[in-house]
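Here is the structure we will look at, set down as structure tokens.
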Amino acid sequence: MSAAPLLCSDRDGVRTLTLNRPERRNALNPRLWIALRDALRAVTDDDGVRALVLTGSGGAFCSGADISVPEDVHPNRKLRRLTDVALALYELPIPTVAKVTGVAVGAGWNLALGCDLVVATPQARFCQIFARRGLSVDLGGSWLLPRLVGLQQAKRLALLAEDIDAAEAHALGLITWVQPQDRIDAFVEDLGRRLAAGPPVALAHSKGLLNAGAQCTFPEALANEARAQPGNFAGTDVGEAYAAFAEKRDPTFTGRWAIRSEQKNA
């Protein structure tokens, strides 16, 4: 029986999804696309998961879509798998972290860019390889790249399909942190723990506001913020934060709703 294409583990409120096709540098085949889509959707329904780490096994992140075995299905169906994964990742209300070792190529790189934060080793390598394959960018690359690096650099990466290293990716703003190979696991574990300890409702609001802010006017952003903030005050986390500040201790955030309905006697 073949190994599971996607591994899942939970620790301290952090779920780690590991692409597990090391013999293909974790290239995404139909089975892995579907497993990843289902796993991302399942996270949304699990209140115990407060942060997500996405990584790859065998010293690579993801070498993109697996084109080694032709598939006799309509291209629209293939692209639906990609769209489903990209949307499921984008719509997650919790913070997401890509831990990148080795290659992140094509759809694999855009999968990492779809996460909120990216941590990579100095040995990591990146490429928008689509043009080399006679293809245009996918998995959200046309939306993600211009917003992260600007239109001109996005065109350079997509049209020339150049390989870049972790240092250049970091300089361009495509990586949040570069960590040595022997420290990246501990760094991401600590990062995940810190994110999971945050106020879940407030973090979800901030993530949504920042995503929307990339596409709206300043007055619209202010209006969105004004609509979101009352939802935070209606929960228990604001009171807990104030109490922890007064008591000089770390807060314990739960994301619970503070307002309770009261039944009136007839």
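Each chain in the structure tokens gets a letter, A, B, ..., in the order shown, and its residues are numbered from 1; ligands are numbered from 1 in order too.
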
Requested in this report: Quick one: everything within 8 Å of A:Ala234, counting only C-alpha atoms, minus sequence neighbours fewer than 3 positions away in the same chain. Send it as a VMD selection string.
Outcome: chain A and resid 230 to 231 257 to 259

Pull all heavy atoms from the residues just selected and write them as a compact mmCIF listing (two decimals), in the first residue's frame.
```txt
# COMPACT_ATOMS: atom_id res chain seq x y z
N PRO A 230 -16.30 45.90 16.91
CA PRO A 230 -17.32 45.52 17.89
C PRO A 230 -17.40 44.02 18.14
O PRO A 230 -17.74 43.60 19.25
CB PRO A 230 -18.62 46.06 17.26
CG PRO A 230 -18.18 47.21 16.42
CD PRO A 230 -16.86 46.78 15.84
N GLY A 231 -17.09 43.22 17.13
CA GLY A 231 -17.10 41.78 17.33
C GLY A 231 -16.05 41.34 18.33
O GLY A 231 -16.23 40.33 19.03
N TRP A 257 -17.54 33.84 23.00
CA TRP A 257 -18.54 34.90 22.87
C TRP A 257 -19.00 35.29 24.27
O TRP A 257 -19.37 34.45 25.08
CB TRP A 257 -19.69 34.38 22.03
CG TRP A 257 -20.78 35.34 21.69
CD1 TRP A 257 -22.08 35.30 22.12
CD2 TRP A 257 -20.68 36.48 20.81
NE1 TRP A 257 -22.80 36.35 21.56
CE2 TRP A 257 -21.95 37.08 20.74
CE3 TRP A 257 -19.63 37.03 20.08
CZ2 TRP A 257 -22.21 38.21 20.00
CZ3 TRP A 257 -19.89 38.16 19.32
CH2 TRP A 257 -21.17 38.74 19.29
N ALA A 258 -19.00 36.58 24.60
CA ALA A 258 -19.29 37.02 25.96
C ALA A 258 -20.78 37.27 26.18
O ALA A 258 -21.28 37.14 27.28
CB ALA A 258 -18.52 38.28 26.29
N ILE A 259 -21.48 37.65 25.10
CA ILE A 259 -22.88 38.01 25.25
C ILE A 259 -23.73 36.77 25.33
O ILE A 259 -23.66 35.89 24.47
CB ILE A 259 -23.34 38.91 24.08
CG1 ILE A 259 -22.50 40.19 24.05
CG2 ILE A 259 -24.81 39.22 24.18
CD1 ILE A 259 -22.77 41.07 22.85
```

For stretch 88-195 of chain A versus stretch 2-21 of chain A, which residues have an atom no more than 12 Å away, and what is each residue's nearest atom pair and distance in Å rounded to one decimal, using only C-alpha atoms, chain-then-number order, as CSV?
```
residue,atom,partner,partner_atom,distance
A:Leu89,CA,A:Leu17,CA,11.8
A:Ile94,CA,A:Val14,CA,10.0
A:Pro95,CA,A:Val14,CA,9.8
A:Thr96,CA,A:Arg15,CA,9.6
A:Val97,CA,A:Thr16,CA,9.3
A:Ala98,CA,A:Thr16,CA,9.8
A:Lys99,CA,A:Thr18,CA,9.7
A:Val100,CA,A:Thr18,CA,10.9
A:Thr101,CA,A:Thr18,CA,12.0
A:Ala104,CA,A:Leu19,CA,11.9
A:Gly108,CA,A:Leu19,CA,10.3
A:Leu111,CA,A:Leu19,CA,11.3
A:Ala112,CA,A:Leu19,CA,11.9
A:Asp185,CA,A:Thr16,CA,11.7
A:Val188,CA,A:Thr16,CA,10.4
A:Glu189,CA,A:Val14,CA,8.6
A:Asp190,CA,A:Val14,CA,10.3
A:Leu191,CA,A:Val14,CA,9.8
A:Gly192,CA,A:Val14,CA,6.1
A:Arg193,CA,A:Asp12,CA,6.7
A:Arg194,CA,A:Val14,CA,9.8
A:Leu195,CA,A:Val14,CA,8.6
```

Query - Contacts of A:Thr121 at 10 Å (only C-alpha atoms; same-chain gap of 6+ positions) as a ChimeraX atom specification - result: /A:99-102,165-167,175,177-184

Report task. Tell me which protein, DNA and RNA residues are within 9 Å of A:Glu225, counting only C-alpha atoms, leaving out same-chain ones fewer than 5 positions away, and put them as a PyMOL selection string. Result -> chain A and resi 205-206+209+220

**Report entry** Shell around A:Leu157 at 8 Å using only C-alpha atoms, local window under 4 positions removed, as a VMD selection string
**Finding:** chain A and resid 127 to 128 153 161 to 162

Keeping C-alpha atoms, export the residues of the selection given above as a compact mmCIF listing (two decimals), in the first residue's frame.
```txt
# COMPACT_ATOMS: atom_id res chain seq x y z
CA CYS A 127 10.96 29.54 -9.42
CA GLN A 128 7.79 30.56 -11.24
CA GLN A 153 9.11 42.32 -10.40
CA ALA A 161 10.96 31.94 -14.96
CA GLU A 162 14.30 32.57 -13.28
```

Requested in this report: Check the DSSP output for the backbone and give back, as a VMD selection string, the residues of stretch 175-246 of chain A in helix (DSSP H, G or I).
Outcome: chain A and resid 184 to 196 200 to 213 218 to 233 237 to 246

Do you know which residues are at most 7 Å from stretch 254-256 of chain A counting only C-alpha atoms, after dropping those on the same chain fewer than 2 positions away, and could you put them as a PDB file with all heavy atoms, in the first residue's frame?
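Okay, around12.pdb is ready:
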```
ATOM      1  N   PRO A 199      -5.345  35.908  20.243  1.00  0.00           N
ATOM      2  CA  PRO A 199      -6.814  35.953  20.288  1.00  0.00           C
ATOM      3  C   PRO A 199      -7.396  35.522  18.941  1.00  0.00           C
ATOM      4  O   PRO A 199      -7.249  36.253  17.953  1.00  0.00           O
ATOM      5  CB  PRO A 199      -7.120  37.425  20.594  1.00  0.00           C
ATOM      6  CG  PRO A 199      -5.921  38.165  20.065  1.00  0.00           C
ATOM      7  CD  PRO A 199      -4.745  37.259  20.235  1.00  0.00           C
ATOM      8  N   PRO A 200      -8.041  34.373  18.852  1.00  0.00           N
ATOM      9  CA  PRO A 200      -8.428  33.838  17.546  1.00  0.00           C
ATOM     10  C   PRO A 200      -9.388  34.709  16.749  1.00  0.00           C
ATOM     11  O   PRO A 200      -9.253  34.833  15.529  1.00  0.00           O
ATOM     12  CB  PRO A 200      -9.049  32.476  17.889  1.00  0.00           C
ATOM     13  CG  PRO A 200      -9.428  32.567  19.328  1.00  0.00           C
ATOM     14  CD  PRO A 200      -8.425  33.474  19.958  1.00  0.00           C
ATOM     15  N   VAL A 201     -10.354  35.308  17.417  1.00  0.00           N
ATOM     16  CA  VAL A 201     -11.321  36.145  16.700  1.00  0.00           C
ATOM     17  C   VAL A 201     -10.633  37.400  16.168  1.00  0.00           C
ATOM     18  O   VAL A 201     -10.801  37.784  15.007  1.00  0.00           O
ATOM     19  CB  VAL A 201     -12.510  36.507  17.611  1.00  0.00           C
ATOM     20  CG1 VAL A 201     -13.442  37.488  16.914  1.00  0.00           C
ATOM     21  CG2 VAL A 201     -13.273  35.246  18.002  1.00  0.00           C
ATOM     22  N   GLY A 235     -16.600  39.626  22.612  1.00  0.00           N
ATOM     23  CA  GLY A 235     -16.023  38.377  23.087  1.00  0.00           C
ATOM     24  C   GLY A 235     -15.339  38.558  24.431  1.00  0.00           C
ATOM     25  O   GLY A 235     -15.254  39.661  24.979  1.00  0.00           O
ATOM     26  N   THR A 236     -14.824  37.455  24.963  1.00  0.00           N
ATOM     27  CA  THR A 236     -14.178  37.505  26.280  1.00  0.00           C
ATOM     28  C   THR A 236     -12.708  37.893  26.212  1.00  0.00           C
ATOM     29  O   THR A 236     -12.106  38.212  27.235  1.00  0.00           O
ATOM     30  CB  THR A 236     -14.284  36.125  26.964  1.00  0.00           C
ATOM     31  OG1 THR A 236     -13.616  35.140  26.153  1.00  0.00           O
ATOM     32  CG2 THR A 236     -15.736  35.723  27.163  1.00  0.00           C
ATOM     33  N   ASP A 237     -12.105  37.891  25.018  1.00  0.00           N
ATOM     34  CA  ASP A 237     -10.665  38.086  24.934  1.00  0.00           C
ATOM     35  C   ASP A 237     -10.222  39.498  25.285  1.00  0.00           C
ATOM     36  O   ASP A 237      -9.143  39.692  25.849  1.00  0.00           O
ATOM     37  CB  ASP A 237     -10.169  37.722  23.526  1.00  0.00           C
ATOM     38  CG  ASP A 237     -10.133  36.227  23.292  1.00  0.00           C
ATOM     39  OD1 ASP A 237     -10.215  35.468  24.281  1.00  0.00           O
ATOM     40  OD2 ASP A 237     -10.031  35.808  22.119  1.00  0.00           O
ATOM     41  N   THR A 252      -4.778  34.515  28.533  1.00  0.00           N
ATOM     42  CA  THR A 252      -5.198  33.240  27.967  1.00  0.00           C
ATOM     43  C   THR A 252      -6.422  33.505  27.094  1.00  0.00           C
ATOM     44  O   THR A 252      -7.523  33.744  27.597  1.00  0.00           O
ATOM     45  CB  THR A 252      -5.552  32.221  29.064  1.00  0.00           C
ATOM     46  OG1 THR A 252      -4.400  32.012  29.884  1.00  0.00           O
ATOM     47  CG2 THR A 252      -5.981  30.890  28.445  1.00  0.00           C
ATOM     48  N   ALA A 258     -18.996  36.578  24.601  1.00  0.00           N
ATOM     49  CA  ALA A 258     -19.289  37.021  25.957  1.00  0.00           C
ATOM     50  C   ALA A 258     -20.778  37.269  26.176  1.00  0.00           C
ATOM     51  O   ALA A 258     -21.278  37.139  27.283  1.00  0.00           O
ATOM     52  CB  ALA A 258     -18.523  38.279  26.286  1.00  0.00           C
TER      53      ALA A 258
END
```

Requested in this report: Within 12 Å of A:Asp38, counting only C-alpha atoms, which residues show up once you throw out same-chain ones fewer than 2 positions away? Write them as a ChimeraX atom specification, please.
Outcome: /A:6,8,17,31-36,40-45,81,84-89

Mind dumping the selected residues with N, CA, C and O atoms as a JSON list (two decimals), in the first residue's frame?
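Contents of the output file selection-v1.json:
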```json
[["chain", "number", "residue", "atom", "x", "y", "z"],
["A", 6, "LEU", "N", -0.37, 12.97, 2.14],
["A", 6, "LEU", "CA", -0.41, 14.13, 3.02],
["A", 6, "LEU", "C", -0.44, 13.66, 4.46],
["A", 6, "LEU", "O", -1.28, 12.85, 4.84],
["A", 8, "CYS", "N", -0.68, 14.62, 8.59],
["A", 8, "CYS", "CA", -1.33, 15.61, 9.44],
["A", 8, "CYS", "C", -0.98, 15.34, 10.90],
["A", 8, "CYS", "O", -1.09, 14.20, 11.36],
["A", 17, "LEU", "N", 0.48, 20.26, 8.21],
["A", 17, "LEU", "CA", 0.19, 19.45, 7.04],
["A", 17, "LEU", "C", 1.48, 19.31, 6.24],
["A", 17, "LEU", "O", 2.11, 20.31, 5.87],
["A", 31, "ARG", "N", -4.17, 12.80, -6.41],
["A", 31, "ARG", "CA", -4.46, 12.30, -5.06],
["A", 31, "ARG", "C", -4.05, 13.32, -4.00],
["A", 31, "ARG", "O", -4.77, 13.54, -3.02],
["A", 32, "LEU", "N", -2.90, 13.96, -4.20],
["A", 32, "LEU", "CA", -2.43, 14.95, -3.22],
["A", 32, "LEU", "C", -3.24, 16.23, -3.28],
["A", 32, "LEU", "O", -3.53, 16.84, -2.25],
["A", 33, "TRP", "N", -3.61, 16.67, -4.49],
["A", 33, "TRP", "CA", -4.47, 17.86, -4.59],
["A", 33, "TRP", "C", -5.75, 17.67, -3.78],
["A", 33, "TRP", "O", -6.16, 18.56, -3.02],
["A", 34, "ILE", "N", -6.38, 16.51, -3.95],
["A", 34, "ILE", "CA", -7.66, 16.26, -3.27],
["A", 34, "ILE", "C", -7.46, 16.14, -1.77],
["A", 34, "ILE", "O", -8.24, 16.69, -0.98],
["A", 35, "ALA", "N", -6.39, 15.45, -1.35],
["A", 35, "ALA", "CA", -6.12, 15.31, 0.08],
["A", 35, "ALA", "C", -5.85, 16.67, 0.73],
["A", 35, "ALA", "O", -6.33, 16.95, 1.84],
["A", 36, "LEU", "N", -5.12, 17.53, 0.02],
["A", 36, "LEU", "CA", -4.81, 18.84, 0.57],
["A", 36, "LEU", "C", -6.06, 19.70, 0.65],
["A", 36, "LEU", "O", -6.30, 20.39, 1.65],
["A", 40, "LEU", "N", -7.50, 21.13, 4.23],
["A", 40, "LEU", "CA", -7.66, 22.56, 4.49],
["A", 40, "LEU", "C", -9.09, 22.89, 4.86],
["A", 40, "LEU", "O", -9.35, 23.70, 5.75],
["A", 41, "ARG", "N", -10.04, 22.27, 4.18],
["A", 41, "ARG", "CA", -11.44, 22.52, 4.52],
["A", 41, "ARG", "C", -11.77, 22.02, 5.92],
["A", 41, "ARG", "O", -12.56, 22.64, 6.65],
["A", 42, "ALA", "N", -11.15, 20.91, 6.31],
["A", 42, "ALA", "CA", -11.42, 20.35, 7.64],
["A", 42, "ALA", "C", -10.92, 21.26, 8.75],
["A", 42, "ALA", "O", -11.49, 21.31, 9.84],
["A", 43, "VAL", "N", -9.85, 22.01, 8.49],
["A", 43, "VAL", "CA", -9.30, 22.92, 9.49],
["A", 43, "VAL", "C", -10.34, 23.96, 9.89],
["A", 43, "VAL", "O", -10.46, 24.32, 11.06],
["A", 44, "THR", "N", -11.10, 24.44, 8.93],
["A", 44, "THR", "CA", -12.09, 25.48, 9.20],
["A", 44, "THR", "C", -13.11, 25.04, 10.23],
["A", 44, "THR", "O", -13.62, 25.86, 11.02],
["A", 45, "ASP", "N", -13.43, 23.76, 10.26],
["A", 45, "ASP", "CA", -14.46, 23.24, 11.15],
["A", 45, "ASP", "C", -13.91, 22.74, 12.48],
["A", 45, "ASP", "O", -14.67, 22.21, 13.30],
["A", 81, "ARG", "N", -9.24, 21.60, -9.24],
["A", 81, "ARG", "CA", -8.51, 21.11, -8.07],
["A", 81, "ARG", "C", -7.60, 22.20, -7.52],
["A", 81, "ARG", "O", -7.52, 22.43, -6.32],
["A", 84, "ASP", "N", -9.70, 25.00, -5.93],
["A", 84, "ASP", "CA", -10.25, 24.58, -4.64],
["A", 84, "ASP", "C", -9.20, 24.69, -3.54],
["A", 84, "ASP", "O", -9.49, 25.14, -2.42],
["A", 85, "VAL", "N", -7.97, 24.27, -3.82],
["A", 85, "VAL", "CA", -6.90, 24.33, -2.83],
["A", 85, "VAL", "C", -6.55, 25.78, -2.52],
["A", 85, "VAL", "O", -6.43, 26.18, -1.35],
["A", 86, "ALA", "N", -6.36, 26.59, -3.56],
["A", 86, "ALA", "CA", -5.97, 27.99, -3.36],
["A", 86, "ALA", "C", -7.02, 28.74, -2.54],
["A", 86, "ALA", "O", -6.68, 29.51, -1.63],
["A", 87, "LEU", "N", -8.29, 28.53, -2.85],
["A", 87, "LEU", "CA", -9.36, 29.22, -2.12],
["A", 87, "LEU", "C", -9.46, 28.71, -0.68],
["A", 87, "LEU", "O", -9.67, 29.50, 0.25],
["A", 88, "ALA", "N", -9.33, 27.41, -0.49],
["A", 88, "ALA", "CA", -9.42, 26.86, 0.86],
["A", 88, "ALA", "C", -8.32, 27.43, 1.75],
["A", 88, "ALA", "O", -8.54, 27.74, 2.92],
["A", 89, "LEU", "N", -7.12, 27.58, 1.18],
["A", 89, "LEU", "CA", -6.01, 28.15, 1.95],
["A", 89, "LEU", "C", -6.25, 29.63, 2.23],
["A", 89, "LEU", "O", -6.07, 30.11, 3.35]]
```

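The residue that comes closest to A:Ser136, out of A:Leu159, A:Leu174, A:Cys115, A:Ile67 and on the basis of only C-alpha atoms, is A:Leu159.
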
Report summary line: What separates atom CA of A:Ala204 and atom CA of A:Tyr90 is a distance of 11.8 Å

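Going from atom CA of A:Asp250 to atom CA of A:Arg50 covers 17.4 Å.
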
Report task. Apply DSSP to the structure's backbone, then extract all residues of stretch 76-210 of chain A labelled strand (DSSP E or B) and return them as a ChimeraX atom specification. Result -> /A:96-100,103-105,117-120,125-127,163-165,177-178

Could you dump the residues just selected with C-alpha atoms as an mmCIF file, in the first residue's frame?
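The file below, out16.cif, is the result:
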```cif
data_model
loop_
_atom_site.group_PDB
_atom_site.id
_atom_site.type_symbol
_atom_site.label_atom_id
_atom_site.label_comp_id
_atom_site.auth_asym_id
_atom_site.auth_seq_id
_atom_site.Cartn_x
_atom_site.Cartn_y
_atom_site.Cartn_z
ATOM 1 C CA THR A 96 -0.902 30.057 8.202
ATOM 2 C CA VAL A 97 2.843 29.474 7.920
ATOM 3 C CA ALA A 98 4.803 27.880 5.068
ATOM 4 C CA LYS A 99 8.009 26.136 6.172
ATOM 5 C CA VAL A 100 10.160 25.869 3.052
ATOM 6 C CA VAL A 103 12.636 23.683 -3.808
ATOM 7 C CA ALA A 104 9.368 25.598 -4.071
ATOM 8 C CA VAL A 105 8.523 25.692 -7.771
ATOM 9 C CA LEU A 117 3.997 33.929 6.667
ATOM 10 C CA VAL A 118 6.912 32.102 5.014
ATOM 11 C CA VAL A 119 9.994 30.708 6.755
ATOM 12 C CA ALA A 120 12.753 29.239 4.595
ATOM 13 C CA ARG A 125 15.222 27.674 -4.138
ATOM 14 C CA PHE A 126 12.247 29.304 -5.859
ATOM 15 C CA CYS A 127 10.962 29.541 -9.422
ATOM 16 C CA ASP A 163 15.529 30.587 -10.299
ATOM 17 C CA ILE A 164 16.121 32.737 -7.230
ATOM 18 C CA ASP A 165 17.647 31.826 -3.887
ATOM 19 C CA TRP A 177 12.288 34.909 7.736
ATOM 20 C CA VAL A 178 15.353 32.936 6.651
#
```

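The two atoms in question, atom CA of A:Pro146 and atom CA of A:Leu54, are spaced 22.5 Å apart.
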